[in-house]
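Participant: Provided herewith is a single structure, encoded as structure tokens, for subsequent inquiry.
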Amino acid sequence: MNAVQSKMARAALGWGVRDLAQAAAVSADTVSRLERGEELMPRTVQAIRTALEAAGVEFINDERGDGVVRLRDKS
């Protein structure tokens, strides 16, 4: 997961930085650092990704290898 994917995922969920931080049990500054493109510990990035996935976000690689973000079907 990269900075743009994190921002897109938050937007899809209607979450702010603080919402994601709370769900991932990290600080809002940590989420902001990720979204500025700063390098974080892998376990921190994984905690953020896990929180987004638990909320219904899917991370998919398209045919170009670019990361795609979408919400899971609720059905």
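If you're wondering about the labels, chains in the structure tokens are A, B, ... by order shown, residues count from 1 in each chain, ligands from 1 in order shown.
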So that I can see what lies close to A:Ala47, please list as a ChimeraX atom specification the residues with an atom at most 10 Å from it, counting only C-alpha atoms and leaving out residues fewer than 4 positions away in the same chain.
Facilitator: /A:21,23-26,42-43,51-53
Participant: Please produce a file of the residues just selected, as a compact mmCIF listing (two decimals), in the first residue's frame, where the atoms kept are N, CA and C atoms.
Facilitator:
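Written out: selection-v6.txt:
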```txt
# COMPACT_ATOMS: atom_id res chain seq x y z
N ALA A 21 -6.47 6.56 11.87
CA ALA A 21 -5.50 6.39 12.96
C ALA A 21 -6.12 5.60 14.11
N ALA A 23 -8.69 3.51 13.99
CA ALA A 23 -8.97 2.14 13.57
C ALA A 23 -7.69 1.29 13.53
N ALA A 24 -6.57 1.93 13.18
CA ALA A 24 -5.30 1.21 13.06
C ALA A 24 -4.48 1.23 14.35
N ALA A 25 -4.96 1.94 15.35
CA ALA A 25 -4.24 2.08 16.63
C ALA A 25 -2.86 2.69 16.43
N VAL A 26 -2.82 3.74 15.60
CA VAL A 26 -1.60 4.52 15.40
C VAL A 26 -1.97 5.99 15.58
N PRO A 42 7.40 -1.51 8.38
CA PRO A 42 6.46 -2.38 7.69
C PRO A 42 5.26 -2.80 8.55
N ARG A 43 5.48 -3.04 9.83
CA ARG A 43 4.36 -3.46 10.68
C ARG A 43 3.34 -2.33 10.87
N ALA A 51 -6.54 -2.25 8.96
CA ALA A 51 -7.70 -1.46 9.39
C ALA A 51 -8.58 -1.09 8.20
N LEU A 52 -7.95 -0.70 7.10
CA LEU A 52 -8.72 -0.35 5.91
C LEU A 52 -9.43 -1.57 5.33
N GLU A 53 -8.74 -2.69 5.29
CA GLU A 53 -9.36 -3.92 4.78
C GLU A 53 -10.51 -4.37 5.66
```
Participant: To test your reading of the structure, identify every residue in chain A that backbone DSSP assigns to strand (DSSP E), and report it as a list in words.
Facilitator: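 Residues of chain A classed as strand (DSSP E): Val57, Glu58, Phe59, Ile60, Asn61, Gly67, Val68, Val69, Arg70 and Leu71 of chain A.
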Participant: Can you write out the residues you just picked, keeping N, CA and C atoms, as a PDB file, in the first residue's frame?
Facilitator:
```pdb
ATOM      1  N   VAL A  57     -12.223  -2.189   2.414  1.00  0.00           N
ATOM      2  CA  VAL A  57     -11.395  -1.791   1.270  1.00  0.00           C
ATOM      3  C   VAL A  57     -10.650  -3.007   0.733  1.00  0.00           C
ATOM      4  N   GLU A  58     -10.566  -3.085  -0.605  1.00  0.00           N
ATOM      5  CA  GLU A  58      -9.748  -4.110  -1.251  1.00  0.00           C
ATOM      6  C   GLU A  58      -8.632  -3.419  -2.016  1.00  0.00           C
ATOM      7  N   PHE A  59      -7.439  -3.958  -1.935  1.00  0.00           N
ATOM      8  CA  PHE A  59      -6.295  -3.463  -2.689  1.00  0.00           C
ATOM      9  C   PHE A  59      -6.027  -4.474  -3.800  1.00  0.00           C
ATOM     10  N   ILE A  60      -6.058  -4.007  -5.043  1.00  0.00           N
ATOM     11  CA  ILE A  60      -5.952  -4.893  -6.206  1.00  0.00           C
ATOM     12  C   ILE A  60      -4.891  -4.337  -7.140  1.00  0.00           C
ATOM     13  N   ASN A  61      -4.070  -5.200  -7.711  1.00  0.00           N
ATOM     14  CA  ASN A  61      -3.131  -4.779  -8.746  1.00  0.00           C
ATOM     15  C   ASN A  61      -3.796  -4.958 -10.103  1.00  0.00           C
ATOM     16  N   GLY A  67      -1.586  -0.084  -8.215  1.00  0.00           N
ATOM     17  CA  GLY A  67      -2.509  -0.411  -7.150  1.00  0.00           C
ATOM     18  C   GLY A  67      -3.874   0.226  -7.380  1.00  0.00           C
ATOM     19  N   VAL A  68      -4.910  -0.577  -7.245  1.00  0.00           N
ATOM     20  CA  VAL A  68      -6.284  -0.117  -7.377  1.00  0.00           C
ATOM     21  C   VAL A  68      -6.959  -0.326  -6.026  1.00  0.00           C
ATOM     22  N   VAL A  69      -7.793   0.623  -5.642  1.00  0.00           N
ATOM     23  CA  VAL A  69      -8.516   0.547  -4.383  1.00  0.00           C
ATOM     24  C   VAL A  69      -9.993   0.520  -4.701  1.00  0.00           C
ATOM     25  N   ARG A  70     -10.729  -0.388  -4.055  1.00  0.00           N
ATOM     26  CA  ARG A  70     -12.183  -0.404  -4.220  1.00  0.00           C
ATOM     27  C   ARG A  70     -12.816  -0.923  -2.931  1.00  0.00           C
ATOM     28  N   LEU A  71     -14.094  -0.643  -2.797  1.00  0.00           N
ATOM     29  CA  LEU A  71     -14.838  -1.159  -1.646  1.00  0.00           C
ATOM     30  C   LEU A  71     -15.383  -2.524  -1.995  1.00  0.00           C
TER      31      LEU A  71
END
```
Participant: Env of A:Ser6: 10 Å cut, atoms = only C-alpha atoms, seq-sep filter 5 positions within chain, self excluded. Answer as an MDAnalysis selection string.
Facilitator: chainID A and resid 1 11:12 17 20 31:32 34:35 45 48:49 52 59 69
Participant: For N, CA and C atoms, I'd like the residues from the last selection saved as a PDB file, in the first residue's frame.
Facilitator:
```
ATOM      1  N   MET A   1       0.844  -1.166   0.000  1.00  0.00           N
ATOM      2  CA  MET A   1       0.000   0.000   0.000  1.00  0.00           C
ATOM      3  C   MET A   1       0.896   1.239   0.000  1.00  0.00           C
ATOM      4  N   ALA A  11     -10.868   8.126   1.430  1.00  0.00           N
ATOM      5  CA  ALA A  11     -11.928   8.868   0.743  1.00  0.00           C
ATOM      6  C   ALA A  11     -13.116   7.960   0.435  1.00  0.00           C
ATOM      7  N   ALA A  12     -12.837   6.738  -0.001  1.00  0.00           N
ATOM      8  CA  ALA A  12     -13.914   5.793  -0.314  1.00  0.00           C
ATOM      9  C   ALA A  12     -14.747   5.470   0.926  1.00  0.00           C
ATOM     10  N   VAL A  17      -8.194  11.460   8.598  1.00  0.00           N
ATOM     11  CA  VAL A  17      -6.928  10.909   9.102  1.00  0.00           C
ATOM     12  C   VAL A  17      -7.117  10.344  10.511  1.00  0.00           C
ATOM     13  N   LEU A  20      -8.905   6.876  10.546  1.00  0.00           N
ATOM     14  CA  LEU A  20      -8.003   5.783  10.178  1.00  0.00           C
ATOM     15  C   LEU A  20      -7.006   5.513  11.294  1.00  0.00           C
ATOM     16  N   VAL A  31      -0.337   8.394  10.207  1.00  0.00           N
ATOM     17  CA  VAL A  31      -1.107   8.295   8.961  1.00  0.00           C
ATOM     18  C   VAL A  31      -0.689   9.423   8.015  1.00  0.00           C
ATOM     19  N   SER A  32      -0.558  10.623   8.525  1.00  0.00           N
ATOM     20  CA  SER A  32      -0.137  11.759   7.699  1.00  0.00           C
ATOM     21  C   SER A  32       1.240  11.528   7.092  1.00  0.00           C
ATOM     22  N   LEU A  34       2.619   8.627   6.384  1.00  0.00           N
ATOM     23  CA  LEU A  34       2.446   7.640   5.311  1.00  0.00           C
ATOM     24  C   LEU A  34       1.930   8.327   4.056  1.00  0.00           C
ATOM     25  N   GLU A  35       0.925   9.182   4.219  1.00  0.00           N
ATOM     26  CA  GLU A  35       0.288   9.806   3.067  1.00  0.00           C
ATOM     27  C   GLU A  35       1.132  10.915   2.443  1.00  0.00           C
ATOM     28  N   VAL A  45       2.672   0.049   8.503  1.00  0.00           N
ATOM     29  CA  VAL A  45       1.929   0.087   7.242  1.00  0.00           C
ATOM     30  C   VAL A  45       0.923  -1.057   7.210  1.00  0.00           C
ATOM     31  N   ILE A  48      -2.158  -0.261   9.296  1.00  0.00           N
ATOM     32  CA  ILE A  48      -3.046   0.677   8.595  1.00  0.00           C
ATOM     33  C   ILE A  48      -3.806  -0.057   7.491  1.00  0.00           C
ATOM     34  N   ARG A  49      -3.098  -0.867   6.733  1.00  0.00           N
ATOM     35  CA  ARG A  49      -3.754  -1.624   5.657  1.00  0.00           C
ATOM     36  C   ARG A  49      -4.808  -2.566   6.231  1.00  0.00           C
ATOM     37  N   LEU A  52      -7.952  -0.701   7.105  1.00  0.00           N
ATOM     38  CA  LEU A  52      -8.717  -0.348   5.908  1.00  0.00           C
ATOM     39  C   LEU A  52      -9.431  -1.571   5.326  1.00  0.00           C
ATOM     40  N   PHE A  59      -7.439  -3.958  -1.935  1.00  0.00           N
ATOM     41  CA  PHE A  59      -6.295  -3.463  -2.689  1.00  0.00           C
ATOM     42  C   PHE A  59      -6.027  -4.474  -3.800  1.00  0.00           C
ATOM     43  N   VAL A  69      -7.793   0.623  -5.642  1.00  0.00           N
ATOM     44  CA  VAL A  69      -8.516   0.547  -4.383  1.00  0.00           C
ATOM     45  C   VAL A  69      -9.993   0.520  -4.701  1.00  0.00           C
TER      46      VAL A  69
END
```
Participant: Quick one: distance from atom CA of A:Asn2 to atom CA of A:Gly37 in Å, one decimal?
Facilitator: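 Those two atoms sit 7.4 Å apart.
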Participant: Counting only C-alpha atoms, which of A:Leu13, A:Ala55, A:Met8, A:Ala3 gets nearest to A:Glu38?
Facilitator: A:Ala3
Participant: Based on DSSP run over this structure's backbone, return all residues of chain A in helix (DSSP H, G or I), as a compact mmCIF listing (two decimals) with N, CA and C atoms, in the first residue's frame.
Facilitator:
```
# COMPACT_ATOMS: atom_id res chain seq x y z
N ALA A 3 1.08 5.80 -0.51
CA ALA A 3 0.43 7.01 -0.01
C ALA A 3 -0.88 7.31 -0.73
N VAL A 4 -0.88 7.20 -2.03
CA VAL A 4 -2.08 7.51 -2.81
C VAL A 4 -3.19 6.50 -2.50
N GLN A 5 -2.83 5.23 -2.38
CA GLN A 5 -3.83 4.21 -2.07
C GLN A 5 -4.46 4.47 -0.70
N SER A 6 -3.66 4.88 0.25
CA SER A 6 -4.19 5.18 1.58
C SER A 6 -5.20 6.32 1.50
N LYS A 7 -4.86 7.38 0.79
CA LYS A 7 -5.77 8.51 0.64
C LYS A 7 -7.05 8.11 -0.08
N MET A 8 -6.91 7.32 -1.16
CA MET A 8 -8.09 6.88 -1.90
C MET A 8 -8.99 6.00 -1.03
N ALA A 9 -8.38 5.12 -0.27
CA ALA A 9 -9.15 4.23 0.59
C ALA A 9 -9.91 5.02 1.65
N ARG A 10 -9.24 5.99 2.25
CA ARG A 10 -9.92 6.84 3.25
C ARG A 10 -11.08 7.59 2.63
N ALA A 11 -10.87 8.13 1.43
CA ALA A 11 -11.93 8.87 0.74
C ALA A 11 -13.12 7.96 0.44
N ALA A 12 -12.84 6.74 0.00
CA ALA A 12 -13.91 5.79 -0.31
C ALA A 12 -14.75 5.47 0.93
N LEU A 13 -14.09 5.43 2.06
CA LEU A 13 -14.79 5.14 3.32
C LEU A 13 -15.41 6.38 3.96
N VAL A 17 -8.19 11.46 8.60
CA VAL A 17 -6.93 10.91 9.10
C VAL A 17 -7.12 10.34 10.51
N ARG A 18 -7.84 11.06 11.35
CA ARG A 18 -8.04 10.59 12.72
C ARG A 18 -8.86 9.31 12.79
N ASP A 19 -9.84 9.17 11.89
CA ASP A 19 -10.63 7.93 11.86
C ASP A 19 -9.74 6.72 11.56
N LEU A 20 -8.90 6.88 10.55
CA LEU A 20 -8.00 5.78 10.18
C LEU A 20 -7.01 5.51 11.29
N ALA A 21 -6.47 6.56 11.87
CA ALA A 21 -5.50 6.39 12.96
C ALA A 21 -6.12 5.60 14.11
N GLN A 22 -7.33 5.96 14.47
CA GLN A 22 -8.00 5.24 15.55
C GLN A 22 -8.23 3.78 15.20
N ALA A 23 -8.69 3.51 13.99
CA ALA A 23 -8.97 2.14 13.57
C ALA A 23 -7.69 1.29 13.53
N ALA A 24 -6.57 1.93 13.18
CA ALA A 24 -5.30 1.21 13.06
C ALA A 24 -4.48 1.23 14.35
N ALA A 28 -2.43 9.98 14.45
CA ALA A 28 -2.83 10.69 13.24
C ALA A 28 -1.59 11.17 12.48
N ASP A 29 -0.55 11.54 13.21
CA ASP A 29 0.70 11.96 12.58
C ASP A 29 1.31 10.82 11.76
N THR A 30 1.17 9.60 12.24
CA THR A 30 1.71 8.45 11.52
C THR A 30 0.99 8.28 10.19
N VAL A 31 -0.34 8.39 10.21
CA VAL A 31 -1.11 8.29 8.96
C VAL A 31 -0.69 9.42 8.01
N SER A 32 -0.56 10.62 8.53
CA SER A 32 -0.14 11.76 7.70
C SER A 32 1.24 11.53 7.09
N ARG A 33 2.15 10.97 7.88
CA ARG A 33 3.49 10.68 7.36
C ARG A 33 3.42 9.67 6.21
N LEU A 34 2.62 8.63 6.38
CA LEU A 34 2.45 7.64 5.31
C LEU A 34 1.93 8.33 4.06
N GLU A 35 0.93 9.18 4.22
CA GLU A 35 0.29 9.81 3.07
C GLU A 35 1.13 10.91 2.44
N PRO A 42 7.40 -1.51 8.38
CA PRO A 42 6.46 -2.38 7.69
C PRO A 42 5.26 -2.80 8.55
N ARG A 43 5.48 -3.04 9.83
CA ARG A 43 4.36 -3.46 10.68
C ARG A 43 3.34 -2.33 10.87
N THR A 44 3.80 -1.08 10.80
CA THR A 44 2.89 0.05 10.92
C THR A 44 2.04 0.18 9.66
N VAL A 45 2.67 0.05 8.50
CA VAL A 45 1.93 0.09 7.24
C VAL A 45 0.92 -1.06 7.21
N GLN A 46 1.32 -2.22 7.69
CA GLN A 46 0.42 -3.37 7.72
C GLN A 46 -0.76 -3.11 8.65
N ALA A 47 -0.55 -2.47 9.77
CA ALA A 47 -1.65 -2.16 10.70
C ALA A 47 -2.65 -1.23 10.03
N ILE A 48 -2.16 -0.26 9.30
CA ILE A 48 -3.05 0.68 8.59
C ILE A 48 -3.81 -0.06 7.49
N ARG A 49 -3.10 -0.87 6.73
CA ARG A 49 -3.75 -1.62 5.66
C ARG A 49 -4.81 -2.57 6.23
N THR A 50 -4.49 -3.24 7.32
CA THR A 50 -5.44 -4.17 7.94
C THR A 50 -6.69 -3.44 8.40
N ALA A 51 -6.54 -2.25 8.96
CA ALA A 51 -7.70 -1.46 9.39
C ALA A 51 -8.58 -1.09 8.20
N LEU A 52 -7.95 -0.70 7.10
CA LEU A 52 -8.72 -0.35 5.91
C LEU A 52 -9.43 -1.57 5.33
N GLU A 53 -8.74 -2.69 5.29
CA GLU A 53 -9.36 -3.92 4.78
C GLU A 53 -10.51 -4.37 5.66
N ALA A 54 -10.37 -4.24 6.97
CA ALA A 54 -11.45 -4.61 7.89
C ALA A 54 -12.68 -3.73 7.68
```
